[in-house]
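**Q** Structure file data-v7.pdb (PDB, C-alpha atoms) right here:
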```
MODEL        1
ATOM      1  CA  MET A   9      -8.765  13.243 -11.916
ATOM      2  CA  ARG A  10     -11.552  15.690 -12.817
ATOM      3  CA  PRO A  11     -14.350  13.603 -11.151
ATOM      4  CA  ILE A  12     -12.319  13.426  -7.921
ATOM      5  CA  VAL A  13     -11.835  17.209  -7.918
ATOM      6  CA  ILE A  14     -15.571  17.722  -8.462
ATOM      7  CA  LEU A  15     -16.424  15.381  -5.578
ATOM      8  CA  LEU A  16     -13.951  17.078  -3.242
ATOM      9  CA  PHE A  17     -15.477  20.427  -4.164
ATOM     10  CA  LEU A  18     -18.934  19.109  -3.263
ATOM     11  CA  VAL A  19     -17.648  17.819   0.070
ATOM     12  CA  LEU A  20     -16.041  21.147   0.963
ATOM     13  CA  THR A  21     -19.127  23.071  -0.135
ATOM     14  CA  ALA A  22     -21.444  20.826   1.868
ATOM     15  CA  ASN A  23     -19.298  21.195   4.991
ATOM     16  CA  LEU A  24     -19.956  24.924   4.924
ATOM     17  CA  PHE A  25     -23.537  24.130   5.956
ATOM     18  CA  GLY A  26     -22.368  22.458   9.170
ATOM     19  CA  GLN A  27     -23.644  19.188  10.592
ATOM     20  CA  ASP A  28     -27.117  18.165  11.712
ATOM     21  CA  LYS A  29     -26.343  15.706  14.521
ATOM     22  CA  THR A  30     -30.013  15.166  15.402
ATOM     23  CA  LYS A  31     -31.116  14.037  11.959
ATOM     24  CA  GLN A  32     -31.342  10.262  11.410
ATOM     25  CA  ASN A  33     -31.608   8.305   8.200
ATOM     26  CA  ALA A  34     -34.246   5.639   7.526
ATOM     27  CA  ALA A  35     -34.237   2.476   9.624
ATOM     28  CA  PHE A  36     -33.791   0.374   6.478
ATOM     29  CA  THR A  37     -32.127   1.401   3.219
ATOM     30  CA  ILE A  38     -31.518  -0.212  -0.133
ATOM     31  CA  ARG A  39     -28.398   1.335  -1.619
ATOM     32  CA  GLY A  40     -27.211   1.030  -5.204
ATOM     33  CA  ASN A  41     -24.221   2.441  -7.107
ATOM     34  CA  VAL A  42     -22.991   2.332 -10.689
ATOM     35  CA  GLY A  43     -19.783   3.751 -12.123
ATOM     36  CA  ILE A  44     -16.773   3.208 -14.358
ATOM     37  CA  PRO A  45     -13.758   1.492 -12.728
ATOM     38  CA  LYS A  46     -10.240   2.707 -13.446
ATOM     39  CA  SER A  47      -7.274   0.439 -12.649
ATOM     40  CA  VAL A  48      -4.749   1.970 -10.246
ATOM     41  CA  SER A  49      -2.071  -0.308  -8.812
ATOM     42  CA  SER A  50      -1.115  -3.053 -11.295
ATOM     43  CA  GLN A  51       0.448  -1.608 -14.452
ATOM     44  CA  VAL A  52       0.158  -4.956 -16.242
ATOM     45  CA  PHE A  53      -3.555  -5.224 -15.461
ATOM     46  CA  ASN A  54      -4.079  -1.615 -16.517
ATOM     47  CA  THR A  55      -2.303  -2.354 -19.797
ATOM     48  CA  CYS A  56      -4.385  -5.449 -20.520
ATOM     49  CA  PHE A  57      -7.844  -4.316 -19.398
ATOM     50  CA  LYS A  58      -9.983  -1.205 -19.191
ATOM     51  CA  GLY A  59     -12.982  -0.815 -16.899
ATOM     52  CA  VAL A  60     -16.439  -0.769 -18.463
ATOM     53  CA  VAL A  61     -18.857  -0.687 -15.522
ATOM     54  CA  GLU A  62     -19.109  -1.619 -11.851
ATOM     55  CA  SER A  63     -22.407  -1.747  -9.976
ATOM     56  CA  ASN A  64     -23.560  -2.943  -6.590
ATOM     57  CA  LEU A  65     -26.733  -3.264  -4.563
ATOM     58  CA  SER A  66     -27.072  -3.729  -0.806
ATOM     59  CA  ALA A  67     -29.771  -4.032   1.857
ATOM     60  CA  ASN A  68     -28.933  -2.220   5.096
ATOM     61  CA  ALA A  69     -30.299  -1.672   8.588
ATOM     62  CA  ARG A  70     -29.534   1.194  10.975
ATOM     63  CA  VAL A  71     -28.106  -0.227  14.191
ATOM     64  CA  PHE A  72     -26.950   2.790  16.236
ATOM     65  CA  LYS A  73     -27.777   6.427  15.560
ATOM     66  CA  ASN A  74     -26.716   6.714  11.911
ATOM     67  CA  MET A  75     -24.434   3.679  11.790
ATOM     68  CA  PHE A  76     -25.688   0.906   9.501
ATOM     69  CA  VAL A  77     -24.751  -2.626   8.449
ATOM     70  CA  GLY A  78     -25.841  -4.611   5.419
ATOM     71  CA  VAL A  79     -25.177  -7.289   2.835
ATOM     72  CA  GLY A  80     -24.753  -6.797  -0.894
ATOM     73  CA  TYR A  81     -23.803  -8.011  -4.349
ATOM     74  CA  GLN A  82     -21.384  -6.378  -6.780
ATOM     75  CA  ASN A  83     -20.539  -6.930 -10.445
ATOM     76  CA  SER A  84     -17.380  -5.569 -12.096
ATOM     77  CA  PHE A  85     -16.849  -5.738 -15.862
ATOM     78  CA  PHE A  86     -13.542  -5.147 -17.675
ATOM     79  CA  GLN A  87     -12.761  -5.357 -21.408
ATOM     80  CA  ASN A  88      -9.394  -5.972 -23.043
ATOM     81  CA  ASN A  89      -7.557  -2.803 -24.019
ATOM     82  CA  LYS A  90      -8.620  -2.206 -27.620
ATOM     83  CA  LEU A  91      -5.726   0.184 -28.303
ATOM     84  CA  ILE A  92      -3.134  -2.502 -27.577
ATOM     85  CA  PHE A  93      -5.034  -5.700 -28.343
ATOM     86  CA  LEU A  94      -7.036  -4.555 -31.337
ATOM     87  CA  ASN A  95      -5.989  -7.720 -33.106
ATOM     88  CA  HIS A  96      -3.367 -10.417 -32.927
ATOM     89  CA  ILE A  97      -1.525 -11.327 -36.096
ATOM     90  CA  SER A  98      -1.269 -15.095 -36.460
ATOM     91  CA  PRO A  99       0.498 -16.892 -39.317
ATOM     92  CA  SER A 100      -2.817 -17.272 -41.135
ATOM     93  CA  ALA A 101      -4.929 -14.224 -40.248
ATOM     94  CA  ALA A 102      -5.598 -11.287 -37.950
ATOM     95  CA  VAL A 103      -7.503 -12.454 -34.864
ATOM     96  CA  PRO A 104      -9.679  -9.766 -33.189
ATOM     97  CA  TYR A 105      -9.516  -9.769 -29.389
ATOM     98  CA  ASP A 106     -12.717  -9.520 -27.355
ATOM     99  CA  THR A 107     -11.598 -10.870 -23.988
ATOM    100  CA  LYS A 108     -13.643  -9.871 -20.947
ATOM    101  CA  LEU A 109     -13.128 -10.099 -17.201
ATOM    102  CA  MET A 110     -16.327 -10.595 -15.212
ATOM    103  CA  ILE A 111     -16.171 -10.345 -11.402
ATOM    104  CA  ASN A 112     -19.135 -11.293  -9.204
ATOM    105  CA  SER A 113     -18.796 -10.474  -5.518
ATOM    106  CA  GLY A 114     -20.713 -10.765  -2.280
ATOM    107  CA  PHE A 115     -19.930  -8.418   0.587
ATOM    108  CA  LEU A 116     -20.776  -7.169   4.055
ATOM    109  CA  LYS A 117     -21.145  -3.402   4.449
ATOM    110  CA  ILE A 118     -20.643  -1.230   7.487
ATOM    111  CA  GLY A 119     -21.076   2.508   7.297
ATOM    112  CA  TYR A 120     -22.169   5.794   8.776
ATOM    113  CA  ASP A 121     -24.446   8.592   7.514
ATOM    114  CA  GLN A 122     -23.555  12.156   8.488
ATOM    115  CA  PHE A 123     -26.184  14.810   7.794
ATOM    116  CA  PHE A 124     -25.039  18.288   6.845
ATOM    117  CA  SER A 125     -28.553  19.628   6.150
ATOM    118  CA  GLU A 126     -32.167  18.528   6.213
ATOM    119  CA  ILE A 127     -31.853  16.992   2.758
ATOM    120  CA  GLY A 128     -28.143  16.206   2.433
ATOM    121  CA  TYR A 129     -25.808  13.692   4.049
ATOM    122  CA  PHE A 130     -22.430  12.041   3.605
ATOM    123  CA  SER A 131     -22.098   8.245   3.669
ATOM    124  CA  TYR A 132     -18.853   6.604   4.738
ATOM    125  CA  ALA A 133     -18.760   2.842   4.238
ATOM    126  CA  LEU A 134     -16.508  -0.187   3.950
ATOM    127  CA  ASN A 135     -17.426  -3.200   1.838
ATOM    128  CA  ALA A 136     -15.609  -6.425   2.721
ATOM    129  CA  GLY A 137     -16.262  -9.610   0.806
ATOM    130  CA  TYR A 138     -15.169 -12.286  -1.609
ATOM    131  CA  ALA A 139     -14.916 -12.039  -5.398
ATOM    132  CA  PHE A 140     -15.324 -14.760  -8.027
ATOM    133  CA  ALA A 141     -13.775 -13.820 -11.377
ATOM    134  CA  GLN A 142     -13.697 -15.353 -14.841
ATOM    135  CA  TYR A 143     -12.061 -14.432 -18.140
ATOM    136  CA  LYS A 144     -14.381 -14.924 -21.096
ATOM    137  CA  ASN A 145     -13.744 -15.146 -24.840
ATOM    138  CA  VAL A 146     -10.125 -16.107 -24.193
ATOM    139  CA  ILE A 147      -8.215 -16.749 -27.423
ATOM    140  CA  PRO A 148      -6.015 -19.863 -27.019
ATOM    141  CA  ASP A 149      -2.285 -19.297 -27.228
ATOM    142  CA  THR A 150       0.394 -21.896 -26.478
ATOM    143  CA  SER A 151       3.460 -19.730 -26.991
ATOM    144  CA  PHE A 152       6.283 -19.988 -24.475
ATOM    145  CA  LYS A 153       5.379 -16.810 -22.562
ATOM    146  CA  ASN A 154       1.850 -18.095 -21.859
ATOM    147  CA  MET A 155       3.116 -21.358 -20.395
ATOM    148  CA  PRO A 156       2.495 -23.057 -18.065
ATOM    149  CA  ALA A 157      -1.191 -22.605 -18.767
ATOM    150  CA  VAL A 158      -3.257 -20.877 -16.076
ATOM    151  CA  GLY A 159      -6.996 -21.400 -15.543
ATOM    152  CA  ASN A 160      -9.434 -18.684 -16.611
ATOM    153  CA  LYS A 161     -11.083 -18.471 -13.175
ATOM    154  CA  PHE A 162      -9.854 -17.141  -9.836
ATOM    155  CA  SER A 163     -11.260 -15.941  -6.523
ATOM    156  CA  ALA A 164      -9.970 -13.628  -3.812
ATOM    157  CA  PRO A 165     -11.111 -11.459  -0.871
ATOM    158  CA  PHE A 166     -11.450  -7.701  -1.271
ATOM    159  CA  LEU A 167     -11.846  -4.504   0.741
ATOM    160  CA  GLN A 168     -13.589  -1.463  -0.728
ATOM    161  CA  PRO A 169     -13.789   1.900   1.079
ATOM    162  CA  GLU A 170     -16.690   3.948  -0.250
ATOM    163  CA  PHE A 171     -17.752   7.577   0.107
ATOM    164  CA  SER A 172     -20.815   9.348  -1.256
ATOM    165  CA  VAL A 173     -22.600  12.690  -1.086
ATOM    166  CA  ASN A 174     -26.365  12.140  -0.944
ATOM    167  CA  PHE A 175     -29.296  14.461  -1.531
ATOM    168  CA  ILE A 176     -32.850  13.513  -0.604
ATOM    169  CA  ALA A 177     -35.158  14.046  -3.574
ATOM    170  CA  GLU A 178     -38.346  12.951  -1.814
ATOM    171  CA  ASP A 179     -39.337  11.171   1.396
ATOM    172  CA  LEU A 180     -38.394   7.696   0.168
ATOM    173  CA  LEU A 181     -35.509   8.356  -2.186
ATOM    174  CA  SER A 182     -32.116  10.038  -2.330
ATOM    175  CA  PHE A 183     -29.516  10.305  -5.082
ATOM    176  CA  SER A 184     -25.751  10.481  -4.714
ATOM    177  CA  LEU A 185     -22.312  11.034  -6.185
ATOM    178  CA  MET A 186     -20.020   8.195  -5.174
ATOM    179  CA  ILE A 187     -16.341   7.290  -5.165
ATOM    180  CA  SER A 188     -14.867   3.961  -4.047
ATOM    181  CA  TYR A 189     -11.528   2.161  -4.098
ATOM    182  CA  ASN A 190     -11.593  -1.606  -4.577
ATOM    183  CA  ASN A 191      -8.592  -3.612  -3.320
ATOM    184  CA  LEU A 192      -8.711  -7.166  -4.701
ATOM    185  CA  PHE A 193      -6.088  -9.282  -2.927
ATOM    186  CA  TYR A 194      -4.873 -11.050  -6.053
ATOM    187  CA  ASN A 195      -1.870 -10.526  -8.299
ATOM    188  CA  PHE A 196      -2.904 -10.255 -11.931
ATOM    189  CA  ASP A 197      -1.473 -13.056 -14.118
ATOM    190  CA  PRO A 198      -1.507 -12.230 -17.866
ATOM    191  CA  LYS A 199      -1.136 -15.926 -18.670
ATOM    192  CA  ALA A 200      -4.744 -16.543 -17.583
ATOM    193  CA  PRO A 201      -6.298 -14.402 -20.358
ATOM    194  CA  ARG A 202      -3.431 -15.521 -22.687
ATOM    195  CA  MET A 203      -1.914 -12.063 -23.074
ATOM    196  CA  ALA A 204       1.629 -12.585 -21.778
ATOM    197  CA  HIS A 205       3.050 -12.925 -25.295
ATOM    198  CA  PHE A 206       2.236  -9.325 -26.279
ATOM    199  CA  GLN A 207       5.337  -7.140 -26.262
ATOM    200  CA  ALA A 208       3.766  -4.379 -24.147
ATOM    201  CA  VAL A 209       2.899  -6.917 -21.451
ATOM    202  CA  SER A 210       6.157  -8.835 -21.673
ATOM    203  CA  ASP A 211       8.215  -5.673 -21.193
ATOM    204  CA  LEU A 212       6.286  -4.739 -18.054
ATOM    205  CA  MET A 213       6.663  -8.240 -16.601
ATOM    206  CA  GLN A 214      10.416  -8.155 -17.172
ATOM    207  CA  GLY A 215      10.534  -4.750 -15.503
ATOM    208  CA  HIS A 216       8.762  -6.136 -12.405
ATOM    209  CA  HIS A 217       5.738  -3.846 -12.795
ATOM    210  CA  ASN A 218       3.284  -6.450 -11.487
ATOM    211  CA  LYS A 219       4.227  -6.588  -7.806
ATOM    212  CA  TYR A 220       1.011  -5.089  -6.434
ATOM    213  CA  ILE A 221      -2.472  -6.474  -6.035
ATOM    214  CA  MET A 222      -5.254  -5.561  -8.454
ATOM    215  CA  SER A 223      -7.058  -2.385  -7.434
ATOM    216  CA  TRP A 224      -9.228   0.213  -9.097
ATOM    217  CA  ILE A 225     -11.001   3.439  -8.310
ATOM    218  CA  ASN A 226     -14.657   3.800  -9.210
ATOM    219  CA  PHE A 227     -16.519   7.089  -9.640
ATOM    220  CA  GLY A 228     -20.236   7.154 -10.383
ATOM    221  CA  PHE A 229     -23.762   7.736  -9.228
ATOM    222  CA  GLY A 230     -26.031   6.050  -6.718
ATOM    223  CA  PHE A 231     -29.419   5.948  -5.084
ATOM    224  CA  ASN A 232     -30.814   5.097  -1.667
ATOM    225  CA  ILE A 233     -34.331   3.828  -1.105
ATOM    226  CA  LEU A 234     -35.370   4.990   2.376
ATOM    227  CA  ILE A 235     -37.730   2.601   4.179
ATOM    228  CA  ASN A 236     -39.533   3.444   7.436
TER     229      ASN A 236
ENDMDL
END
```
Please render this file's structure as structure tokens.

**A**
Amino acid sequence: MRPIVILLFLVLTANLFGQDKTKQNAAFTIRGNVGIPKSVSSQVFNTCFKGVVESNLSANARVFKNMFVGVGYQNSFFQNNKLIFLNHISPSAAVPYDTKLMINSGFLKIGYDQFFSEIGYFSYALNAGYAFAQYKNVIPDTSFKNMPAVGNKFSAPFLQPEFSVNFIAEDLLSFSLMISYNNLFYNFDPKAPRMAHFQAVSDLMQGHHNKYIMSWINFGFGFNILIN
């Protein structure tokens, strides 16, 4: 919550300077962001995994005034919740969990830059694309709650609104504070990473707390390389 409050404060402060409607951004920009994702909608997914890092990179061209379009690549990395899945007690030994979720995505970006000063501008954007995900280091489990077995790979489309406050540091470079909200149109299935047998997960499934798609908010930092 604190990062969101800080970003909103920056937006309100920047708006006090008014808008520079004549200022245009570079004809071509390379935009990159990195942050820490935090699961929002699926309680089961939030129980099983915690966000480690999400980063993306896109190449963009200005098409009309300060409106731009581009293409990009994004990587999202989640790690199993260490507090809940620190280890699994089997009949023979304690098995440490180190299950990861890796998501590689390609997307199209459309956005708009709004200058509020000579060196500062807001960026509003929407990333729309397709994600390819895989669970890694999955510990096999054939208990009843993890059956029937589900594959460790899945794919789904996503939509990701994105907002950033940018400050130009020099002629060819600007830095930013960024917030985005990724909506992955896929219902998390704990059977895929073989976690449905844990009591914390089983209770949530029985309580129907997995009705929503996977989504997460991402707060971080970014940069824009300004070309021409």

**Q** For CA of Lys58 in chain A and CA of Gly230 in chain A, quote the distance in Å rounded to one decimal.

**A** 21.6 Å

**Q** Can you measure CA of Phe229 in chain A to CA of Ala67 in chain A for me? One decimal in Å is fine.

**A**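 Distance reported for this atom pair: 17.2 Å.
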
**Q** One number please: CA of Ala164 in chain A to CA of Ala69 in chain A, in Å, one decimal.

**A**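 Computing it gives 26.6 Å between the two atoms.
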
**Q** Selection in question (the file shown): the PyMOL selection byres ((chain A and resi 71-83) around 8). Which residues does it include, as number ranges by chain?

**A** A: 32-33, 62-70, 84-85, 110-122

**Q** Considering all atoms listed in the file, state which residue in the set A:Asn226, A:Ser49, A:Phe175, A:Leu185 is at the smallest distance from Glu126 in chain A.

**A**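 For Glu126 in chain A, the nearest of the given residues is A:Phe175.
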
**Q** With a distance cut-off of 10 Å and only C-alpha atoms, select the neighbouring residues of Gly159 in chain A, excluding the residue or stretch itself and same-chain residues fewer than 5 positions from it, and output the selection as a PDB file with C-alpha atoms, keeping the file's coordinate frame.

**A**
```
ATOM      1  CA  GLN A 142     -13.697 -15.353 -14.841  1.00  0.00           C
ATOM      2  CA  TYR A 143     -12.061 -14.432 -18.140  1.00  0.00           C
ATOM      3  CA  LYS A 199      -1.136 -15.926 -18.670  1.00  0.00           C
ATOM      4  CA  ALA A 200      -4.744 -16.543 -17.583  1.00  0.00           C
ATOM      5  CA  PRO A 201      -6.298 -14.402 -20.358  1.00  0.00           C
ATOM      6  CA  ARG A 202      -3.431 -15.521 -22.687  1.00  0.00           C
TER       7      ARG A 202
END
```

**Q** Would you mind telling me which residue in A:Ala204, A:Leu109, A:Ala35, A:Ala177 lies nearest to Phe57 in chain A when using only C-alpha atoms?

**A**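 Checking each candidate against Phe57 in chain A, we get A:Leu109 as the closest.
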
**Q** Check what the PyMOL selection byres ((chain A and resi 198) around 12) selects in the file above and give those residues as number ranges by chain.

**A** A: 50-57, 88, 107, 109, 143, 146, 149, 153-160, 195-197, 199-210, 212-213, 218

**Q** Which of these, A:Ala34, A:Ala133, A:Ile233, A:Ala139, has the shortest distance to Phe183 in chain A once you count only C-alpha atoms?

**A**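 Smallest separation from Phe183 in chain A among the options: A:Ile233.
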
**Q** Could you tell me, as a ChimeraX atom specification, exactly which residues end up selected when the PyMOL selection byres ((chain A and resi 174) around 7) is applied to this structure?

**A** /A:128-130,172-173,175-176,182-185

**Q** Take the selection from the previous step and output its residues with C-alpha atoms, as a PDB file, in the coordinates of the input.

**A**
```
ATOM      1  CA  GLY A 128     -28.143  16.206   2.433  1.00  0.00           C
ATOM      2  CA  TYR A 129     -25.808  13.692   4.049  1.00  0.00           C
ATOM      3  CA  PHE A 130     -22.430  12.041   3.605  1.00  0.00           C
ATOM      4  CA  SER A 172     -20.815   9.348  -1.256  1.00  0.00           C
ATOM      5  CA  VAL A 173     -22.600  12.690  -1.086  1.00  0.00           C
ATOM      6  CA  PHE A 175     -29.296  14.461  -1.531  1.00  0.00           C
ATOM      7  CA  ILE A 176     -32.850  13.513  -0.604  1.00  0.00           C
ATOM      8  CA  SER A 182     -32.116  10.038  -2.330  1.00  0.00           C
ATOM      9  CA  PHE A 183     -29.516  10.305  -5.082  1.00  0.00           C
ATOM     10  CA  SER A 184     -25.751  10.481  -4.714  1.00  0.00           C
ATOM     11  CA  LEU A 185     -22.312  11.034  -6.185  1.00  0.00           C
TER      12      LEU A 185
END
```

**Q** Show me, as lines of an AutoDock Vina configuration file, the centre and edge lengths in Å to one decimal of the axis-aligned box that covers every listed atom of range 193-205 of chain A with 6 Å on each side.

**A**
```
center_x = -1.6
center_y = -12.9
center_z = -14.1
size_x = 21.3
size_y = 19.3
size_z = 34.4
```

**Q** Identify the residues around (-16.9, 1.0, -11.0) within a radius of 9 Å, measuring from only C-alpha atoms in the coordinates stated by the file, and give them as a ChimeraX atom specification.

**A** /A:41-46,59-64,83-85,187-190,224-228

**Q** What would range 181-191 of chain A look like with all heavy atoms restored, written as a compact mmCIF listing (two decimals), in the frame of the given file?

**A**
```txt
# COMPACT_ATOMS: atom_id res chain seq x y z
N LEU A 181 -36.56 8.55 -1.20
CA LEU A 181 -35.51 8.36 -2.19
C LEU A 181 -34.46 9.46 -2.11
O LEU A 181 -34.79 10.64 -1.95
CB LEU A 181 -36.11 8.34 -3.60
CG LEU A 181 -35.18 8.01 -4.76
CD1 LEU A 181 -34.66 6.57 -4.65
CD2 LEU A 181 -35.91 8.19 -6.09
N SER A 182 -33.20 9.07 -2.21
CA SER A 182 -32.12 10.04 -2.33
C SER A 182 -31.17 9.60 -3.44
O SER A 182 -31.08 8.41 -3.76
CB SER A 182 -31.34 10.17 -1.00
OG SER A 182 -30.63 8.98 -0.70
N PHE A 183 -30.48 10.58 -4.02
CA PHE A 183 -29.52 10.30 -5.08
C PHE A 183 -28.14 10.77 -4.62
O PHE A 183 -28.02 11.63 -3.75
CB PHE A 183 -29.92 11.02 -6.38
CG PHE A 183 -31.21 10.51 -6.96
CD1 PHE A 183 -32.39 11.19 -6.73
CD2 PHE A 183 -31.24 9.35 -7.71
CE1 PHE A 183 -33.60 10.73 -7.27
CE2 PHE A 183 -32.42 8.88 -8.24
CZ PHE A 183 -33.60 9.56 -8.03
N SER A 184 -27.08 10.20 -5.23
CA SER A 184 -25.75 10.48 -4.71
C SER A 184 -24.69 10.50 -5.80
O SER A 184 -24.86 9.93 -6.88
CB SER A 184 -25.37 9.42 -3.66
OG SER A 184 -25.33 8.13 -4.24
N LEU A 185 -23.58 11.16 -5.47
CA LEU A 185 -22.31 11.03 -6.18
C LEU A 185 -21.41 10.18 -5.32
O LEU A 185 -21.31 10.40 -4.11
CB LEU A 185 -21.68 12.41 -6.43
CG LEU A 185 -22.42 13.34 -7.39
CD1 LEU A 185 -21.73 14.70 -7.42
CD2 LEU A 185 -22.44 12.74 -8.79
N MET A 186 -20.74 9.21 -5.95
CA MET A 186 -20.02 8.20 -5.17
C MET A 186 -18.60 8.00 -5.71
O MET A 186 -18.35 8.10 -6.91
CB MET A 186 -20.80 6.88 -5.27
CG MET A 186 -20.14 5.66 -4.63
SD MET A 186 -18.95 4.78 -5.70
CE MET A 186 -19.94 4.44 -7.16
N ILE A 187 -17.68 7.70 -4.79
CA ILE A 187 -16.34 7.29 -5.16
C ILE A 187 -15.94 6.13 -4.25
O ILE A 187 -16.23 6.13 -3.05
CB ILE A 187 -15.33 8.46 -5.07
CG1 ILE A 187 -13.99 8.04 -5.66
CG2 ILE A 187 -15.19 8.97 -3.66
CD1 ILE A 187 -13.01 9.19 -5.84
N SER A 188 -15.30 5.11 -4.83
CA SER A 188 -14.87 3.96 -4.05
C SER A 188 -13.51 3.49 -4.56
O SER A 188 -13.09 3.84 -5.67
CB SER A 188 -15.89 2.82 -4.13
OG SER A 188 -15.98 2.31 -5.45
N TYR A 189 -12.85 2.69 -3.73
CA TYR A 189 -11.53 2.16 -4.10
C TYR A 189 -11.49 0.68 -3.75
O TYR A 189 -11.46 0.31 -2.57
CB TYR A 189 -10.43 2.92 -3.36
CG TYR A 189 -9.03 2.54 -3.78
CD1 TYR A 189 -8.55 2.89 -5.04
CD2 TYR A 189 -8.20 1.83 -2.92
CE1 TYR A 189 -7.26 2.54 -5.43
CE2 TYR A 189 -6.92 1.48 -3.30
CZ TYR A 189 -6.45 1.83 -4.55
OH TYR A 189 -5.18 1.48 -4.93
N ASN A 190 -11.52 -0.15 -4.78
CA ASN A 190 -11.59 -1.61 -4.58
C ASN A 190 -10.19 -2.21 -4.56
O ASN A 190 -9.41 -2.05 -5.51
CB ASN A 190 -12.42 -2.24 -5.70
CG ASN A 190 -12.86 -3.66 -5.35
OD1 ASN A 190 -12.17 -4.37 -4.64
ND2 ASN A 190 -14.02 -4.04 -5.84
N ASN A 191 -9.87 -2.92 -3.47
CA ASN A 191 -8.59 -3.61 -3.32
C ASN A 191 -8.85 -5.11 -3.38
O ASN A 191 -9.35 -5.70 -2.42
CB ASN A 191 -7.93 -3.24 -1.99
CG ASN A 191 -7.64 -1.77 -1.86
OD1 ASN A 191 -6.61 -1.29 -2.30
ND2 ASN A 191 -8.57 -1.03 -1.26
```
